[in-house]
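Q: My structure is stored as model22.pdb, with PDB, C-alpha atoms.
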```pdb
ATOM      1  CA  MET A   1       0.000   0.000   0.000
ATOM      2  CA  GLU A   2       1.346   3.424  -0.962
ATOM      3  CA  PHE A   3       1.017   6.592   1.096
ATOM      4  CA  ASP A   4      -0.798   9.307  -0.861
ATOM      5  CA  ALA A   5       0.583  12.470   0.735
ATOM      6  CA  ARG A   6      -1.542  14.870  -1.272
ATOM      7  CA  ALA A   7      -4.772  13.003  -0.484
ATOM      8  CA  MET A   8      -3.893  12.872   3.214
ATOM      9  CA  VAL A   9      -3.214  16.599   3.418
ATOM     10  CA  GLU A  10      -6.490  17.281   1.615
ATOM     11  CA  LYS A  11      -8.275  14.970   4.066
ATOM     12  CA  TYR A  12      -6.703  16.795   7.001
ATOM     13  CA  HIS A  13      -8.000  20.159   5.779
ATOM     14  CA  ARG A  14     -11.410  18.681   4.972
ATOM     15  CA  LEU A  15     -11.804  17.152   8.434
ATOM     16  CA  CYS A  16     -10.696  20.406  10.057
ATOM     17  CA  GLU A  17     -13.238  22.358   8.050
ATOM     18  CA  GLN A  18     -16.109  19.911   8.583
ATOM     19  CA  TYR A  19     -15.632  18.820  12.202
ATOM     20  CA  VAL A  20     -12.583  20.064  14.063
ATOM     21  CA  ASN A  21     -12.203  23.829  13.670
ATOM     22  CA  ASP A  22     -15.717  24.622  14.887
ATOM     23  CA  TYR A  23     -15.699  22.191  17.809
ATOM     24  CA  VAL A  24     -16.017  24.006  21.141
ATOM     25  CA  PRO A  25     -14.346  22.044  23.966
ATOM     26  CA  ASP A  26     -16.057  22.230  27.344
ATOM     27  CA  VAL A  27     -14.735  20.498  30.472
ATOM     28  CA  ASN A  28     -17.488  21.967  32.678
ATOM     29  CA  ILE A  29     -20.346  19.798  31.484
ATOM     30  CA  ALA A  30     -23.086  18.371  33.672
ATOM     31  CA  ARG A  31     -21.310  15.245  34.853
ATOM     32  CA  GLY A  32     -22.686  11.786  35.243
ATOM     33  CA  GLU A  33     -20.001   9.473  36.606
ATOM     34  CA  THR A  34     -16.317  10.325  37.002
ATOM     35  CA  ARG A  35     -13.812   7.469  36.839
ATOM     36  CA  PHE A  36     -10.035   7.073  36.869
ATOM     37  CA  ALA A  37      -7.716   4.998  34.690
ATOM     38  CA  LYS A  38      -3.946   4.636  34.601
ATOM     39  CA  GLU A  39      -2.253   6.122  31.557
ATOM     40  CA  PRO A  40      -0.513   3.587  29.282
ATOM     41  CA  ASP A  41       3.252   3.487  29.930
ATOM     42  CA  ALA A  42       5.472   4.092  26.879
ATOM     43  CA  SER A  43       3.026   2.151  24.726
ATOM     44  CA  GLY A  44       3.050   4.220  21.568
ATOM     45  CA  LEU A  45      -0.521   5.329  22.287
ATOM     46  CA  ASP A  46      -0.927   9.081  22.551
ATOM     47  CA  ALA A  47      -3.997   8.963  24.805
ATOM     48  CA  LEU A  48      -6.381   6.711  26.649
ATOM     49  CA  TYR A  49      -8.653   4.946  24.184
ATOM     50  CA  SER A  50      -6.676   5.825  21.104
ATOM     51  CA  ARG A  51      -7.984   3.405  18.491
ATOM     52  CA  PHE A  52      -4.604   2.414  17.017
ATOM     53  CA  LEU A  53      -4.382  -1.390  17.193
ATOM     54  CA  TYR A  54      -0.704  -2.111  16.543
ATOM     55  CA  PRO A  55       0.630  -0.951  19.956
ATOM     56  CA  HIS A  56      -1.604  -3.512  21.718
ATOM     57  CA  ILE A  57      -0.491  -6.269  19.356
ATOM     58  CA  ARG A  58       3.181  -5.325  19.662
ATOM     59  CA  GLU A  59       2.951  -5.514  23.471
ATOM     60  CA  LYS A  60       0.830  -8.706  23.219
ATOM     61  CA  LYS A  61      -1.715  -7.306  25.652
ATOM     62  CA  TYR A  62      -4.568  -4.853  25.958
ATOM     63  CA  LEU A  63      -2.890  -1.673  27.149
ATOM     64  CA  PHE A  64      -5.789   0.225  28.676
ATOM     65  CA  SER A  65      -6.153  -0.280  32.399
ATOM     66  CA  LYS A  66      -9.324  -0.976  34.325
ATOM     67  CA  GLU A  67     -11.464   2.034  35.184
ATOM     68  CA  HIS A  68     -11.937   2.845  38.868
ATOM     69  CA  LYS A  69     -14.690   4.817  40.578
ATOM     70  CA  SER A  70     -12.012   6.532  42.684
ATOM     71  CA  LEU A  71      -8.234   6.684  42.711
ATOM     72  CA  PRO A  72      -6.826   3.369  43.959
ATOM     73  CA  LYS A  73      -5.212   3.437  47.378
ATOM     74  CA  ASN A  74      -1.673   4.859  47.287
ATOM     75  CA  ALA A  75      -2.029   5.670  43.563
ATOM     76  CA  LEU A  76      -0.071   8.597  42.179
ATOM     77  CA  LYS A  77      -2.636  11.035  40.825
ATOM     78  CA  GLY A  78      -0.196  12.162  38.148
ATOM     79  CA  ALA A  79      -0.231   8.668  36.640
ATOM     80  CA  TYR A  80      -4.012   8.563  36.182
ATOM     81  CA  SER A  81      -6.471  10.219  33.838
ATOM     82  CA  GLU A  82      -9.836  11.411  35.057
ATOM     83  CA  LEU A  83     -12.624  10.110  32.825
ATOM     84  CA  VAL A  84     -15.672  12.354  32.635
ATOM     85  CA  TYR A  85     -18.962  10.748  31.586
ATOM     86  CA  ASP A  86     -22.031  12.774  30.699
ATOM     87  CA  THR A  87     -25.455  12.296  32.288
ATOM     88  CA  GLU A  88     -26.376   9.743  29.605
ATOM     89  CA  GLY A  89     -23.371   7.560  30.451
ATOM     90  CA  ARG A  90     -21.209   8.428  27.446
ATOM     91  CA  LEU A  91     -17.515   9.184  27.828
ATOM     92  CA  HIS A  92     -17.255  12.894  27.126
ATOM     93  CA  HIS A  93     -13.590  13.580  27.789
ATOM     94  CA  ALA A  94     -10.533  12.570  29.790
ATOM     95  CA  GLU A  95      -8.238  14.910  31.712
ATOM     96  CA  PHE A  96      -4.564  14.259  32.457
ATOM     97  CA  ASP A  97      -2.874  16.719  34.805
ATOM     98  CA  LEU A  98       0.473  18.105  33.616
ATOM     99  CA  GLY A  99       1.396  19.693  36.921
ATOM    100  CA  GLN A 100       2.828  23.103  37.669
ATOM    101  CA  PRO A 101       3.775  25.578  34.930
ATOM    102  CA  GLY A 102       7.346  25.521  33.728
ATOM    103  CA  SER A 103       7.605  26.804  30.175
ATOM    104  CA  MET A 104       7.842  30.357  28.871
ATOM    105  CA  ALA A 105       4.445  29.869  27.239
ATOM    106  CA  ASP A 106       2.949  29.092  30.649
ATOM    107  CA  TYR A 107       4.191  32.368  32.067
ATOM    108  CA  LEU A 108       3.108  34.374  29.030
ATOM    109  CA  LEU A 109      -0.383  32.939  29.417
ATOM    110  CA  ASP A 110      -0.383  33.645  33.162
ATOM    111  CA  SER A 111      -0.810  29.913  33.742
ATOM    112  CA  VAL A 112      -0.989  28.378  37.198
ATOM    113  CA  GLY A 113      -1.120  24.830  35.849
ATOM    114  CA  SER A 114      -2.128  22.825  32.814
ATOM    115  CA  PHE A 115      -3.702  19.559  31.760
ATOM    116  CA  MET A 116      -4.384  17.554  28.626
ATOM    117  CA  ALA A 117      -8.037  17.126  27.691
ATOM    118  CA  TYR A 118      -9.067  14.385  25.258
ATOM    119  CA  PHE A 119     -12.577  14.881  23.857
ATOM    120  CA  TYR A 120     -14.346  11.802  22.488
ATOM    121  CA  VAL A 121     -16.559  13.630  20.021
ATOM    122  CA  SER A 122     -17.856  10.528  18.228
ATOM    123  CA  ASP A 123     -16.846   6.972  17.308
ATOM    124  CA  ASN A 124     -14.879   8.571  14.477
ATOM    125  CA  LEU A 125     -13.295  11.590  16.133
ATOM    126  CA  ARG A 126     -11.171  12.381  19.186
ATOM    127  CA  ILE A 127      -9.708  15.883  19.613
ATOM    128  CA  ASP A 128      -6.907  16.654  22.079
ATOM    129  CA  TYR A 129      -6.142  20.000  23.709
ATOM    130  CA  ASN A 130      -3.525  21.407  26.021
ATOM    131  CA  VAL A 131      -5.464  23.436  28.586
ATOM    132  CA  GLN A 132      -3.848  26.227  30.599
ATOM    133  CA  ARG A 133      -5.422  27.278  33.889
ATOM    134  CA  ARG A 134      -5.055  31.035  34.207
ATOM    135  CA  ALA A 135      -4.726  32.828  37.532
ATOM    136  CA  ASN A 136      -8.154  34.455  37.045
ATOM    137  CA  GLY A 137      -9.814  31.037  36.670
ATOM    138  CA  GLU A 138     -10.152  31.102  32.888
ATOM    139  CA  LEU A 139      -9.115  28.156  30.752
ATOM    140  CA  PHE A 140      -7.094  28.585  27.562
ATOM    141  CA  PHE A 141      -7.485  25.721  25.054
ATOM    142  CA  SER A 142      -4.802  24.998  22.469
ATOM    143  CA  ARG A 143      -5.527  22.144  20.055
ATOM    144  CA  CYS A 144      -2.683  19.637  19.765
ATOM    145  CA  ASN A 145      -3.948  16.894  17.498
ATOM    146  CA  PHE A 146      -6.938  14.827  16.534
ATOM    147  CA  GLU A 147      -7.560  11.194  15.646
ATOM    148  CA  TRP A 148      -9.971  10.037  12.940
ATOM    149  CA  SER A 149     -11.243   6.436  12.706
ATOM    150  CA  GLU A 150     -13.307   4.726  10.004
ATOM    151  CA  TYR A 151     -15.292   1.457   9.949
ATOM    152  CA  ASP A 152     -16.652  -0.976   7.383
ATOM    153  CA  GLY A 153     -20.293  -1.964   6.980
ATOM    154  CA  ASP A 154     -19.935  -4.613   9.674
ATOM    155  CA  GLY A 155     -18.612  -2.100  12.206
ATOM    156  CA  ARG A 156     -14.998  -3.297  11.980
ATOM    157  CA  LEU A 157     -12.251  -0.726  12.302
ATOM    158  CA  VAL A 158     -10.541  -0.239   8.927
ATOM    159  CA  SER A 159      -8.364   2.834   9.531
ATOM    160  CA  VAL A 160      -7.037   5.153  12.216
ATOM    161  CA  GLU A 161      -5.301   8.413  11.300
ATOM    162  CA  SER A 162      -3.710  10.903  13.672
ATOM    163  CA  PHE A 163      -3.067  14.530  12.711
ATOM    164  CA  GLN A 164      -0.722  16.498  14.956
ATOM    165  CA  ARG A 165       0.431  20.074  14.472
ATOM    166  CA  ASN A 166       4.163  20.071  13.816
ATOM    167  CA  GLY A 167       5.061  23.188  15.788
ATOM    168  CA  THR A 168       5.706  25.520  12.862
ATOM    169  CA  LEU A 169       4.025  28.907  12.666
ATOM    170  CA  HIS A 170       1.996  27.890   9.622
ATOM    171  CA  ASP A 171      -0.433  24.993   9.283
ATOM    172  CA  GLY A 172       2.048  22.107   9.154
ATOM    173  CA  VAL A 173       0.941  18.678  10.335
ATOM    174  CA  ILE A 174       2.461  15.313  11.251
ATOM    175  CA  ILE A 175       0.389  12.301  10.211
ATOM    176  CA  ASP A 176       0.454   8.725  11.544
ATOM    177  CA  ALA A 177      -1.896   6.114  10.135
ATOM    178  CA  GLU A 178      -2.848   2.448  10.331
ATOM    179  CA  TYR A 179      -5.025   0.488   7.889
ATOM    180  CA  TYR A 180      -6.593  -2.898   8.648
ATOM    181  CA  SER A 181      -7.950  -5.795   6.613
ATOM    182  CA  TYR A 182      -9.847  -8.871   7.799
ATOM    183  CA  GLU A 183     -10.502 -12.445   6.755
ATOM    184  CA  ASN A 184     -13.672 -14.110   8.045
ATOM    185  CA  GLY A 185     -13.955 -11.384  10.661
ATOM    186  CA  VAL A 186     -10.414 -11.887  11.966
ATOM    187  CA  LEU A 187      -7.698  -9.237  11.677
ATOM    188  CA  ARG A 188      -5.090 -10.414   9.189
ATOM    189  CA  HIS A 189      -3.150  -7.393   7.908
ATOM    190  CA  ILE A 190      -1.974  -3.986   9.147
ATOM    191  CA  THR A 191      -0.316  -1.273   7.094
ATOM    192  CA  ARG A 192       1.378   1.384   9.233
ATOM    193  CA  PHE A 193       2.737   4.783   8.214
ATOM    194  CA  GLU A 194       4.578   6.947  10.746
ATOM    195  CA  GLU A 195       5.798  10.516  11.034
ATOM    196  CA  PHE A 196       4.778  12.038   7.727
ATOM    197  CA  ASP A 197       5.585  15.736   8.130
ATOM    198  CA  THR A 198       4.160  18.215   5.651
ATOM    199  CA  ASP A 199       6.920  20.672   6.498
ATOM    200  CA  PRO A 200      10.080  18.793   7.573
ATOM    201  CA  MET A 201      13.124  20.779   8.642
ATOM    202  CA  PRO A 202      15.504  21.117   5.667
ATOM    203  CA  ARG A 203      18.543  20.462   7.845
ATOM    204  CA  MET A 204      17.021  17.216   9.096
ATOM    205  CA  LEU A 205      16.268  16.104   5.544
ATOM    206  CA  THR A 206      19.823  16.834   4.480
ATOM    207  CA  LEU A 207      21.266  14.999   7.478
ATOM    208  CA  MET A 208      19.126  11.904   6.933
ATOM    209  CA  GLN A 209      19.954  11.766   3.244
ATOM    210  CA  ARG A 210      23.660  12.037   3.979
ATOM    211  CA  MET A 211      23.589   9.295   6.604
ATOM    212  CA  VAL A 212      21.460   6.836   4.597
ATOM    213  CA  PRO A 213      20.962   8.102   1.027
ATOM    214  CA  ASP A 214      18.131   5.684   0.164
ATOM    215  CA  LEU A 215      16.422   5.726   3.564
ATOM    216  CA  ILE A 216      12.632   5.476   3.402
ATOM    217  CA  PHE A 217      11.113   8.081   5.696
ATOM    218  CA  ASN A 218       8.537  10.842   5.732
ATOM    219  CA  PRO A 219       6.707   8.580   6.210
ATOM    220  CA  LYS A 220       8.165   5.403   7.620
ATOM    221  CA  HIS A 221       6.362   2.364   6.230
ATOM    222  CA  SER A 222       5.727  -1.081   7.747
ATOM    223  CA  GLU A 223       3.462  -4.012   6.854
ATOM    224  CA  PHE A 224       2.236  -6.721   9.256
ATOM    225  CA  GLU A 225       0.688 -10.113   8.547
ATOM    226  CA  LEU A 226      -1.162 -11.946  11.328
ATOM    227  CA  CYS A 227      -1.029 -15.691  10.733
ATOM    228  CA  PRO A 228      -2.839 -18.367  12.779
ATOM    229  CA  ALA A 229      -0.588 -20.979  14.398
ATOM    230  CA  GLU A 230      -1.070 -23.942  16.761
ATOM    231  CA  SER A 231       0.281 -21.985  19.727
ATOM    232  CA  GLY A 232      -1.360 -18.643  18.950
ATOM    233  CA  VAL A 233      -0.949 -15.988  16.271
ATOM    234  CA  VAL A 234       2.315 -15.209  14.494
ATOM    235  CA  MET A 235       2.958 -11.575  13.582
ATOM    236  CA  LYS A 236       5.206 -11.340  10.514
ATOM    237  CA  TRP A 237       6.502  -7.834   9.876
ATOM    238  CA  THR A 238       8.327  -5.984   7.128
ATOM    239  CA  ASN A 239       9.943  -2.616   7.732
ATOM    240  CA  PHE A 240      10.666  -0.843   4.453
ATOM    241  CA  TYR A 241      13.899   0.631   5.764
ATOM    242  CA  ARG A 242      15.761   1.566   2.572
ATOM    243  CA  LYS A 243      14.990   1.321  -1.121
ATOM    244  CA  SER A 244      17.690  -1.356  -1.252
ATOM    245  CA  GLN A 245      16.836  -3.096   2.047
ATOM    246  CA  ASN A 246      13.763  -4.397   3.830
ATOM    247  CA  ILE A 247      14.049  -5.558   7.432
ATOM    248  CA  THR A 248      11.809  -8.496   8.328
ATOM    249  CA  GLY A 249      10.993 -10.502  11.409
ATOM    250  CA  GLU A 250       8.236 -12.226  13.324
ATOM    251  CA  PHE A 251       7.014 -12.861  16.845
ATOM    252  CA  LEU A 252       4.424 -15.076  18.472
ATOM    253  CA  ILE A 253       1.354 -13.813  20.278
ATOM    254  CA  PRO A 254       0.464 -16.733  22.587
ATOM    255  CA  ALA A 255      -3.069 -18.062  22.258
ATOM    256  CA  GLU A 256      -4.007 -16.821  25.734
ATOM    257  CA  ASN A 257      -2.892 -13.280  24.913
ATOM    258  CA  ALA A 258      -4.564 -13.377  21.493
ATOM    259  CA  GLY A 259      -7.780 -14.538  23.161
ATOM    260  CA  LYS A 260      -7.728 -11.642  25.629
ATOM    261  CA  LEU A 261      -7.092  -9.140  22.841
ATOM    262  CA  THR A 262     -10.024 -10.635  20.936
ATOM    263  CA  GLU A 263     -12.213 -10.218  24.029
ATOM    264  CA  HIS A 264     -11.283  -6.530  24.060
ATOM    265  CA  GLY A 265     -12.352  -6.003  20.450
ATOM    266  CA  ILE A 266      -9.084  -6.710  18.609
ATOM    267  CA  PRO A 267     -10.116  -9.887  16.734
ATOM    268  CA  LEU A 268      -7.028 -12.092  16.413
ATOM    269  CA  LEU A 269      -8.865 -15.415  16.837
TER
END
```
Can you dump the structure from the file as structure tokens?
A:
Amino acid sequence: MEFDARAMVEKYHRLCEQYVNDYVPDVNIARGETRFAKEPDASGLDALYSRFLYPHIREKKYLFSKEHKSLPKNALKGAYSELVYDTEGRLHHAEFDLGQPGSMADYLLDSVGSFMAYFYVSDNLRIDYNVQRRANGELFFSRCNFEWSEYDGDGRLVSVESFQRNGTLHDGVIIDAEYYSYENGVLRHITRFEEFDTDPMPRMLTLMQRMVPDLIFNPKHSEFELCPAESGVVMKWTNFYRKSQNITGEFLIPAENAGKLTEHGIPLL
């Protein structure tokens, strides 16, 4: 599968125009239940309930922790997200405290603290904001990225795409994406693209090209085949590292682990 950069940039602008730009984040909704869940540790997931599947498969386990009605005894609050449900029982957003201000931007915004807020707008869309708490009680929202998911007619996840602002002054974006295919309802193939930057730093491009002239990047590209085996599911992977070199390998997901992932909606069996 090839990465169509132009189509992806057009999709990014279309989604912004149709859904994202006009969304008004609100953390002060009428709450139903509030729960707590531990943030995934170095999992490759950018937020609780990100819909990317590969990180779970790579770790051979479901990465999201159990939700609790209160913080567990002796738990570090800074390791947990607060999950805010609305009065109809739907997850509205999650908040992850970032602690005391420390950057120049914090001081310029008169911030007394900040947190990440992940808004679960729909089954398709999650939008993430950095939220600064100002000394006068106001909240300043700065959008960081959003994640867009699509499904087939049977409700199976077929793609997840993440769009993150790249930090430039104009509208540059970094895109990560996964695409899924199934056989008899079981996940059998993943295509993964990582770190496509619409506005990469020229010096970085020059450095990479000097170090490995035929390196494949912007984006990185990997393919994964999930093959049934007697002892579980074998993941066979190909990393398209250079135009002259692919790196391949495989690992086993034991049947017990594959069964638990299937129970959590990642159908490996």
Q: How many Å lie between atom CA of Tyr180 of chain A and atom CA of Ser159 of chain A, rounded to one decimal?
A: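 Interatomic distance here is 6.1 Å.
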Q: Restricting the calculation to all atoms listed in the file: of A:His264, A:Arg35, A:Lys69, A:Arg6, which residue gets closest to Leu83 of chain A?
A: A:Arg35
Q: With all atoms listed in the file as the atoms that count, which of A:Lys260, A:Lys73, A:Arg134, A:His56 lies nearest to Gly232 of chain A?
A: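 Among A:Lys260, A:Lys73, A:Arg134, A:His56, it is A:Lys260 that comes nearest to Gly232 of chain A.
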Q: Run the PyMOL selection byres ((chain A and resi 5) around 12) against the file shown and list the residues it catches, as a VMD selection string.
A: chain A and resid 2 to 4 6 to 12 173 to 177 193 195 to 199 218 to 219
Q: In Å to one decimal, how far is atom CA of Leu45 of chain A from atom CA of Leu15 of chain A?
A: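 Atom-to-atom, atom CA of Leu15 of chain A to atom CA of Leu45 of chain A, that is 21.4 Å.
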Q: What residues come out when you apply the PyMOL selection byres ((chain A and resi 51) around 10) to this file, written as an MDAnalysis selection string?
A: chainID A and resid 45:50 52:56 123:124 126 147:149 157 159:162 178
